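Heads up, final.pdb below (PDB, C-alpha atoms):
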```pdb
ATOM      1  CA  MET V   1      12.460  -4.364 -13.188  1.00  0.00           C
ATOM      2  CA  ASP V   2      11.578  -2.264 -10.158  1.00  0.00           C
ATOM      3  CA  LYS V   3      13.201  -2.816  -6.802  1.00  0.00           C
ATOM      4  CA  ARG V   4      11.586  -1.110  -3.887  1.00  0.00           C
ATOM      5  CA  ASN V   5       8.265  -2.293  -2.531  1.00  0.00           C
ATOM      6  CA  ARG V   6       8.050  -1.816   1.226  1.00  0.00           C
ATOM      7  CA  VAL V   7       5.077  -1.039   3.424  1.00  0.00           C
ATOM      8  CA  LEU V   8       5.103  -0.357   7.158  1.00  0.00           C
ATOM      9  CA  ILE V   9       1.658   0.061   8.643  1.00  0.00           C
ATOM     10  CA  ASP V  10      -0.034  -0.281  12.028  1.00  0.00           C
ATOM     11  CA  GLY V  11      -3.637  -1.319  12.421  1.00  0.00           C
ATOM     12  CA  THR V  12      -6.303  -3.378  14.140  1.00  0.00           C
ATOM     13  CA  VAL V  13      -7.452  -6.768  12.893  1.00  0.00           C
ATOM     14  CA  ILE V  14     -11.106  -6.631  11.782  1.00  0.00           C
ATOM     15  CA  LYS V  15     -11.276  -9.892   9.805  1.00  0.00           C
ATOM     16  CA  ARG V  16      -9.247 -13.055   9.693  1.00  0.00           C
ATOM     17  CA  SER V  17      -9.523 -16.346   7.864  1.00  0.00           C
ATOM     18  CA  ASP V  18      -8.906 -19.746   9.300  1.00  0.00           C
ATOM     19  CA  LEU V  19      -5.371 -21.001   8.822  1.00  0.00           C
ATOM     20  CA  ARG V  20      -5.414 -23.119   5.681  1.00  0.00           C
ATOM     21  CA  TYR V  21      -2.804 -24.928   3.603  1.00  0.00           C
ATOM     22  CA  THR V  22      -1.865 -24.747  -0.056  1.00  0.00           C
ATOM     23  CA  PRO V  23      -1.782 -28.034  -1.998  1.00  0.00           C
ATOM     24  CA  ALA V  24       1.992 -27.975  -1.369  1.00  0.00           C
ATOM     25  CA  GLY V  25       1.365 -27.764   2.395  1.00  0.00           C
ATOM     26  CA  THR V  26       2.311 -24.103   2.918  1.00  0.00           C
ATOM     27  CA  PRO V  27       0.235 -22.378   5.623  1.00  0.00           C
ATOM     28  CA  VAL V  28      -1.832 -19.361   4.481  1.00  0.00           C
ATOM     29  CA  LEU V  29      -3.782 -16.854   6.519  1.00  0.00           C
ATOM     30  CA  GLU V  30      -5.654 -13.799   5.271  1.00  0.00           C
ATOM     31  CA  MET V  31      -6.662 -10.791   7.338  1.00  0.00           C
ATOM     32  CA  VAL V  32      -8.010  -7.300   7.014  1.00  0.00           C
ATOM     33  CA  ILE V  33      -6.780  -4.514   9.256  1.00  0.00           C
ATOM     34  CA  THR V  34      -8.235  -1.078   9.761  1.00  0.00           C
ATOM     35  CA  HIS V  35      -5.786   1.786  10.075  1.00  0.00           C
ATOM     36  CA  LEU V  36      -6.447   5.182  11.628  1.00  0.00           C
ATOM     37  CA  SER V  37      -3.725   7.788  11.899  1.00  0.00           C
ATOM     38  CA  GLU V  38      -2.890  11.421  11.427  1.00  0.00           C
ATOM     39  CA  GLN V  39      -0.546  12.343   8.589  1.00  0.00           C
ATOM     40  CA  VAL V  40       0.745  15.672   7.330  1.00  0.00           C
ATOM     41  CA  GLU V  41      -0.012  16.493   3.700  1.00  0.00           C
ATOM     42  CA  ALA V  42       0.684  19.794   1.967  1.00  0.00           C
ATOM     43  CA  GLY V  43       1.457  21.272   5.397  1.00  0.00           C
ATOM     44  CA  LYS V  44      -1.854  20.245   6.941  1.00  0.00           C
ATOM     45  CA  HIS V  45      -2.686  17.524   9.438  1.00  0.00           C
ATOM     46  CA  ARG V  46      -5.226  15.107   8.089  1.00  0.00           C
ATOM     47  CA  LYS V  47      -6.938  12.050   9.488  1.00  0.00           C
ATOM     48  CA  VAL V  48      -6.170   8.943   7.464  1.00  0.00           C
ATOM     49  CA  GLU V  49      -8.390   5.868   7.555  1.00  0.00           C
ATOM     50  CA  CYS V  50      -8.265   2.794   5.418  1.00  0.00           C
ATOM     51  CA  GLU V  51      -8.723  -0.942   5.379  1.00  0.00           C
ATOM     52  CA  VAL V  52      -5.811  -3.026   4.211  1.00  0.00           C
ATOM     53  CA  ALA V  53      -6.129  -6.636   3.051  1.00  0.00           C
ATOM     54  CA  MET V  54      -3.205  -8.781   4.199  1.00  0.00           C
ATOM     55  CA  MET V  55      -1.928 -12.207   3.360  1.00  0.00           C
ATOM     56  CA  ALA V  56       0.594 -14.318   5.248  1.00  0.00           C
ATOM     57  CA  LEU V  57       2.224 -17.299   3.611  1.00  0.00           C
ATOM     58  CA  GLY V  58       4.561 -19.786   5.257  1.00  0.00           C
ATOM     59  CA  ASP V  59       5.906 -19.650   8.827  1.00  0.00           C
ATOM     60  CA  ILE V  60       4.454 -16.204   9.408  1.00  0.00           C
ATOM     61  CA  ALA V  61       0.944 -17.530   8.713  1.00  0.00           C
ATOM     62  CA  ALA V  62       1.444 -20.275  11.306  1.00  0.00           C
ATOM     63  CA  ARG V  63       2.639 -17.662  13.829  1.00  0.00           C
ATOM     64  CA  LEU V  64      -0.554 -15.684  13.217  1.00  0.00           C
ATOM     65  CA  ALA V  65      -2.808 -18.716  13.743  1.00  0.00           C
ATOM     66  CA  SER V  66      -4.107 -17.489  17.119  1.00  0.00           C
ATOM     67  CA  ILE V  67      -4.505 -13.814  16.226  1.00  0.00           C
ATOM     68  CA  GLN V  68      -7.848 -12.351  17.226  1.00  0.00           C
ATOM     69  CA  ILE V  69     -10.188  -9.685  15.948  1.00  0.00           C
ATOM     70  CA  GLY V  70      -9.332  -6.466  17.771  1.00  0.00           C
ATOM     71  CA  GLN V  71      -5.619  -7.163  18.126  1.00  0.00           C
ATOM     72  CA  ARG V  72      -3.304  -4.360  17.075  1.00  0.00           C
ATOM     73  CA  LEU V  73      -0.476  -5.159  14.735  1.00  0.00           C
ATOM     74  CA  ALA V  74       2.627  -3.411  13.408  1.00  0.00           C
ATOM     75  CA  SER V  75       3.123  -4.858   9.952  1.00  0.00           C
ATOM     76  CA  LYS V  76       5.907  -4.903   7.419  1.00  0.00           C
ATOM     77  CA  GLY V  77       5.548  -6.313   3.944  1.00  0.00           C
ATOM     78  CA  PHE V  78       5.192  -5.687   0.250  1.00  0.00           C
ATOM     79  CA  ILE V  79       2.126  -4.971  -1.831  1.00  0.00           C
ATOM     80  CA  ALA V  80       0.935  -7.079  -4.723  1.00  0.00           C
ATOM     81  CA  ALA V  81      -2.204  -7.329  -6.805  1.00  0.00           C
ATOM     82  CA  LYS V  82      -4.950  -9.563  -5.463  1.00  0.00           C
ATOM     83  CA  SER V  83      -5.006 -11.260  -8.870  1.00  0.00           C
ATOM     84  CA  ASN V  84      -3.778 -10.763 -12.412  1.00  0.00           C
ATOM     85  CA  ARG V  85      -7.260  -9.720 -13.360  1.00  0.00           C
ATOM     86  CA  TYR V  86      -7.633  -7.017 -10.708  1.00  0.00           C
ATOM     87  CA  ARG V  87      -4.175  -5.515 -10.665  1.00  0.00           C
ATOM     88  CA  ASN V  88      -5.315  -2.399  -8.831  1.00  0.00           C
ATOM     89  CA  GLU V  89      -6.768  -4.344  -5.884  1.00  0.00           C
ATOM     90  CA  LEU V  90      -3.900  -4.482  -3.453  1.00  0.00           C
ATOM     91  CA  VAL V  91      -2.935  -6.959  -0.781  1.00  0.00           C
ATOM     92  CA  LEU V  92      -0.110  -6.502   1.677  1.00  0.00           C
ATOM     93  CA  HIS V  93       2.012  -9.648   1.860  1.00  0.00           C
ATOM     94  CA  LEU V  94       3.311  -9.845   5.416  1.00  0.00           C
ATOM     95  CA  GLU V  95       7.028 -10.299   6.022  1.00  0.00           C
ATOM     96  CA  GLU V  96       7.144  -9.306   9.691  1.00  0.00           C
ATOM     97  CA  PHE V  97       4.658  -8.363  12.354  1.00  0.00           C
ATOM     98  CA  GLU V  98       4.631  -7.339  15.971  1.00  0.00           C
ATOM     99  CA  LEU V  99       1.610  -7.443  18.263  1.00  0.00           C
ATOM    100  CA  LEU V 100       0.909  -4.083  19.879  1.00  0.00           C
ATOM    101  CA  ASN V 101      -1.637  -5.304  22.450  1.00  0.00           C
TER     102      ASN V 101
ATOM    103  CA  MET I   1      -4.533   5.929  17.115  1.00  0.00           C
ATOM    104  CA  ASP I   2      -2.047   4.164  14.874  1.00  0.00           C
ATOM    105  CA  LYS I   3       1.278   5.702  13.933  1.00  0.00           C
ATOM    106  CA  ARG I   4       3.137   4.026  11.151  1.00  0.00           C
ATOM    107  CA  ASN I   5       1.959   4.318   7.574  1.00  0.00           C
ATOM    108  CA  ARG I   6       4.887   4.363   5.160  1.00  0.00           C
ATOM    109  CA  VAL I   7       5.161   3.070   1.631  1.00  0.00           C
ATOM    110  CA  LEU I   8       8.259   2.987  -0.577  1.00  0.00           C
ATOM    111  CA  ILE I   9       7.595   1.770  -4.077  1.00  0.00           C
ATOM    112  CA  ASP I  10       9.145   2.089  -7.534  1.00  0.00           C
ATOM    113  CA  GLY I  11       7.106   2.020 -10.711  1.00  0.00           C
ATOM    114  CA  THR I  12       6.314   3.376 -14.139  1.00  0.00           C
ATOM    115  CA  VAL I  13       3.648   6.021 -14.767  1.00  0.00           C
ATOM    116  CA  ILE I  14       0.800   4.590 -16.865  1.00  0.00           C
ATOM    117  CA  LYS I  15      -1.820   7.293 -16.264  1.00  0.00           C
ATOM    118  CA  ARG I  16      -1.762  10.889 -15.116  1.00  0.00           C
ATOM    119  CA  SER I  17      -4.340  13.588 -14.688  1.00  0.00           C
ATOM    120  CA  ASP I  18      -3.930  17.198 -15.623  1.00  0.00           C
ATOM    121  CA  LEU I  19      -2.711  19.400 -12.799  1.00  0.00           C
ATOM    122  CA  ARG I  20      -5.812  20.896 -11.216  1.00  0.00           C
ATOM    123  CA  TYR I  21      -6.490  23.068  -8.190  1.00  0.00           C
ATOM    124  CA  THR I  22      -8.724  22.629  -5.162  1.00  0.00           C
ATOM    125  CA  PRO I  23     -11.187  25.444  -4.387  1.00  0.00           C
ATOM    126  CA  ALA I  24      -8.572  26.661  -1.874  1.00  0.00           C
ATOM    127  CA  GLY I  25      -5.974  26.852  -4.647  1.00  0.00           C
ATOM    128  CA  THR I  26      -3.904  23.783  -3.703  1.00  0.00           C
ATOM    129  CA  PRO I  27      -2.467  21.932  -6.707  1.00  0.00           C
ATOM    130  CA  VAL I  28      -3.563  18.303  -7.139  1.00  0.00           C
ATOM    131  CA  LEU I  29      -2.310  15.648  -9.508  1.00  0.00           C
ATOM    132  CA  GLU I  30      -3.376  12.020  -9.721  1.00  0.00           C
ATOM    133  CA  MET I  31      -1.421   9.192 -11.316  1.00  0.00           C
ATOM    134  CA  VAL I  32      -1.338   5.446 -11.633  1.00  0.00           C
ATOM    135  CA  ILE I  33       1.933   3.540 -11.648  1.00  0.00           C
ATOM    136  CA  THR I  34       2.577  -0.036 -12.558  1.00  0.00           C
ATOM    137  CA  HIS I  35       5.068  -1.933 -10.428  1.00  0.00           C
ATOM    138  CA  LEU I  36       6.946  -5.081 -11.381  1.00  0.00           C
ATOM    139  CA  SER I  37       9.495  -6.647  -9.069  1.00  0.00           C
ATOM    140  CA  GLU I  38      10.689  -9.863  -7.574  1.00  0.00           C
ATOM    141  CA  GLN I  39      10.141 -10.448  -3.853  1.00  0.00           C
ATOM    142  CA  VAL I  40      10.901 -13.362  -1.576  1.00  0.00           C
ATOM    143  CA  GLU I  41       7.923 -14.917   0.214  1.00  0.00           C
ATOM    144  CA  ALA I  42       8.007 -18.081   2.324  1.00  0.00           C
ATOM    145  CA  GLY I  43      11.531 -18.689   1.009  1.00  0.00           C
ATOM    146  CA  LYS I  44      10.560 -18.509  -2.664  1.00  0.00           C
ATOM    147  CA  HIS I  45      11.174 -15.842  -5.247  1.00  0.00           C
ATOM    148  CA  ARG I  46       7.963 -14.556  -6.738  1.00  0.00           C
ATOM    149  CA  LYS I  47       7.138 -11.997  -9.382  1.00  0.00           C
ATOM    150  CA  VAL I  48       5.055  -9.144  -8.009  1.00  0.00           C
ATOM    151  CA  GLU I  49       2.947  -6.958 -10.246  1.00  0.00           C
ATOM    152  CA  CYS I  50       0.413  -4.348  -9.292  1.00  0.00           C
ATOM    153  CA  GLU I  51      -1.029  -0.989 -10.196  1.00  0.00           C
ATOM    154  CA  VAL I  52      -0.945   1.688  -7.545  1.00  0.00           C
ATOM    155  CA  ALA I  53      -3.126   4.805  -7.617  1.00  0.00           C
ATOM    156  CA  MET I  54      -1.268   7.890  -6.402  1.00  0.00           C
ATOM    157  CA  MET I  55      -2.260  11.372  -5.416  1.00  0.00           C
ATOM    158  CA  ALA I  56      -0.053  14.421  -4.979  1.00  0.00           C
ATOM    159  CA  LEU I  57      -1.322  17.476  -3.162  1.00  0.00           C
ATOM    160  CA  GLY I  58       0.487  20.804  -2.793  1.00  0.00           C
ATOM    161  CA  ASP I  59       4.032  21.614  -3.939  1.00  0.00           C
ATOM    162  CA  ILE I  60       4.730  18.013  -4.882  1.00  0.00           C
ATOM    163  CA  ALA I  61       1.819  18.079  -7.356  1.00  0.00           C
ATOM    164  CA  ALA I  62       3.233  21.185  -8.994  1.00  0.00           C
ATOM    165  CA  ARG I  63       6.653  19.504  -9.249  1.00  0.00           C
ATOM    166  CA  LEU I  64       5.008  16.568 -11.022  1.00  0.00           C
ATOM    167  CA  ALA I  65       3.217  18.793 -13.532  1.00  0.00           C
ATOM    168  CA  SER I  66       5.452  17.754 -16.431  1.00  0.00           C
ATOM    169  CA  ILE I  67       5.689  14.060 -15.642  1.00  0.00           C
ATOM    170  CA  GLN I  68       5.041  11.793 -18.595  1.00  0.00           C
ATOM    171  CA  ILE I  69       3.566   8.380 -19.200  1.00  0.00           C
ATOM    172  CA  GLY I  70       6.450   5.903 -19.185  1.00  0.00           C
ATOM    173  CA  GLN I  71       8.597   7.766 -16.665  1.00  0.00           C
ATOM    174  CA  ARG I  72       9.945   5.684 -13.814  1.00  0.00           C
ATOM    175  CA  LEU I  73       9.481   6.949 -10.309  1.00  0.00           C
ATOM    176  CA  ALA I  74      10.736   6.070  -6.829  1.00  0.00           C
ATOM    177  CA  SER I  75       7.896   7.054  -4.512  1.00  0.00           C
ATOM    178  CA  LYS I  76       7.502   7.563  -0.793  1.00  0.00           C
ATOM    179  CA  GLY I  77       4.194   8.248   0.877  1.00  0.00           C
ATOM    180  CA  PHE I  78       1.341   6.977   2.985  1.00  0.00           C
ATOM    181  CA  ILE I  79      -1.761   5.049   2.018  1.00  0.00           C
ATOM    182  CA  ALA I  80      -5.303   6.210   2.572  1.00  0.00           C
ATOM    183  CA  ALA I  81      -8.737   5.162   1.403  1.00  0.00           C
ATOM    184  CA  LYS I  82      -9.915   6.613  -1.882  1.00  0.00           C
ATOM    185  CA  SER I  83     -13.101   7.677  -0.093  1.00  0.00           C
ATOM    186  CA  ASN I  84     -14.991   7.048   3.138  1.00  0.00           C
ATOM    187  CA  ARG I  85     -17.342   4.856   1.196  1.00  0.00           C
ATOM    188  CA  TYR I  86     -14.677   2.604  -0.309  1.00  0.00           C
ATOM    189  CA  ARG I  87     -12.250   2.264   2.555  1.00  0.00           C
ATOM    190  CA  ASN I  88     -10.517  -0.730   1.008  1.00  0.00           C
ATOM    191  CA  GLU I  89      -9.660   1.080  -2.243  1.00  0.00           C
ATOM    192  CA  LEU I  90      -6.234   2.477  -1.540  1.00  0.00           C
ATOM    193  CA  VAL I  91      -4.395   5.513  -2.835  1.00  0.00           C
ATOM    194  CA  LEU I  92      -0.773   6.321  -2.117  1.00  0.00           C
ATOM    195  CA  HIS I  93      -0.414   9.962  -1.078  1.00  0.00           C
ATOM    196  CA  LEU I  94       2.979  11.096  -2.305  1.00  0.00           C
ATOM    197  CA  GLU I  95       5.383  12.761   0.094  1.00  0.00           C
ATOM    198  CA  GLU I  96       8.573  12.422  -1.934  1.00  0.00           C
ATOM    199  CA  PHE I  97       9.517  11.178  -5.352  1.00  0.00           C
ATOM    200  CA  GLU I  98      12.603  10.754  -7.463  1.00  0.00           C
ATOM    201  CA  LEU I  99      12.653  10.281 -11.224  1.00  0.00           C
ATOM    202  CA  LEU I 100      14.555   7.145 -12.255  1.00  0.00           C
ATOM    203  CA  ASN I 101      14.742   7.893 -15.989  1.00  0.00           C
TER     204      ASN I 101
END
```
Please lay out the structure from this file as structure tokens.
Amino acid sequence: MDKRNRVLIDGTVIKRSDLRYTPAGTPVLEMVITHLSEQVEAGKHRKVECEVAMMALGDIAARLASIQIGQRLASKGFIAAKSNRYRNELVLHLEEFELLN
Amino acid sequence: MDKRNRVLIDGTVIKRSDLRYTPAGTPVLEMVITHLSEQVEAGKHRKVECEVAMMALGDIAARLASIQIGQRLASKGFIAAKSNRYRNELVLHLEEFELLN
């Protein structure tokens, strides 16, 4: 069994779902953020862009209920497959977030 | 411009490319790891499985030249899109690694 699975990433919300509830009553919210940064790789600065799918389950989903497209977010979470069938499609499961604007 | 983009993840190598070189002579190696762990989400333990595509560029690629399928790896890096066209297909760019077996 592996242990570490930690992601810290900043980005801007470009999509969000409505807040919905699982059959057990747990709040769920899905979002997509776009990330743009500069990283150093092999000694060279490079521009990094990507879109990251995110999912919030539980209290954190309820706290995100009023989040808007265009808001900037510092996110902490772990990555998991979107489904058993598509194990290489990744979703960041949010554990903590902070609004940056 | 965003700042943070950090991933720490453990996993087992399930695919690796040959070591190749860019036209500028920089070594490149691509891998896929499978990750299996238990995380806590909304107060419940859940099994997390995923496959993560990885890319190593520069010295770190050369240091991975002899890595084998089945080796376990602790990885640190940043995520980026596989291409401009598929911005939601993510690749972890390796900055550091440690062999776990």
*Around (4.8, -18.7, 4.0) in the file's own coordinates, what residues are found within 12 Å if you use all atoms listed in the file, given back as number ranges by chain?*
V: 19-22, 24-30, 55-64, 93-96; I: 40-46
*Expanded to explicit residues, what is the ChimeraX specification (/I :<9) & /V for this file, as a ChimeraX atom specification?*
/V:1-12,26,34-39,41-43,48-53,56-60,72,74-75,78-84,86-90,93-95
*What is the distance between atom CA of Gln68 of chain I and atom CA of Lys15 of chain I, in Å to one decimal?*
8.5 Å
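Across the structure, atom CA of Leu92 of chain V and atom CA of Asp18 of chain V are spaced 17.6 Å apart.
When all atoms listed in the file are used to compute distances to Leu100 of chain I, the closest of the residues I:Val13, I:Pro23, I:Arg85, I:Met54 turns out to be I:Val13.
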Quick one: what's the axis-aligned box for segment 6-11 of chain V, all listed atoms, 3 Å on every side, centre and edges in Å to one decimal, as lines of an AutoDock Vina configuration file?
```
center_x = 2.2
center_y = -0.9
center_z = 6.8
size_x = 17.7
size_y = 7.9
size_z = 17.2
```
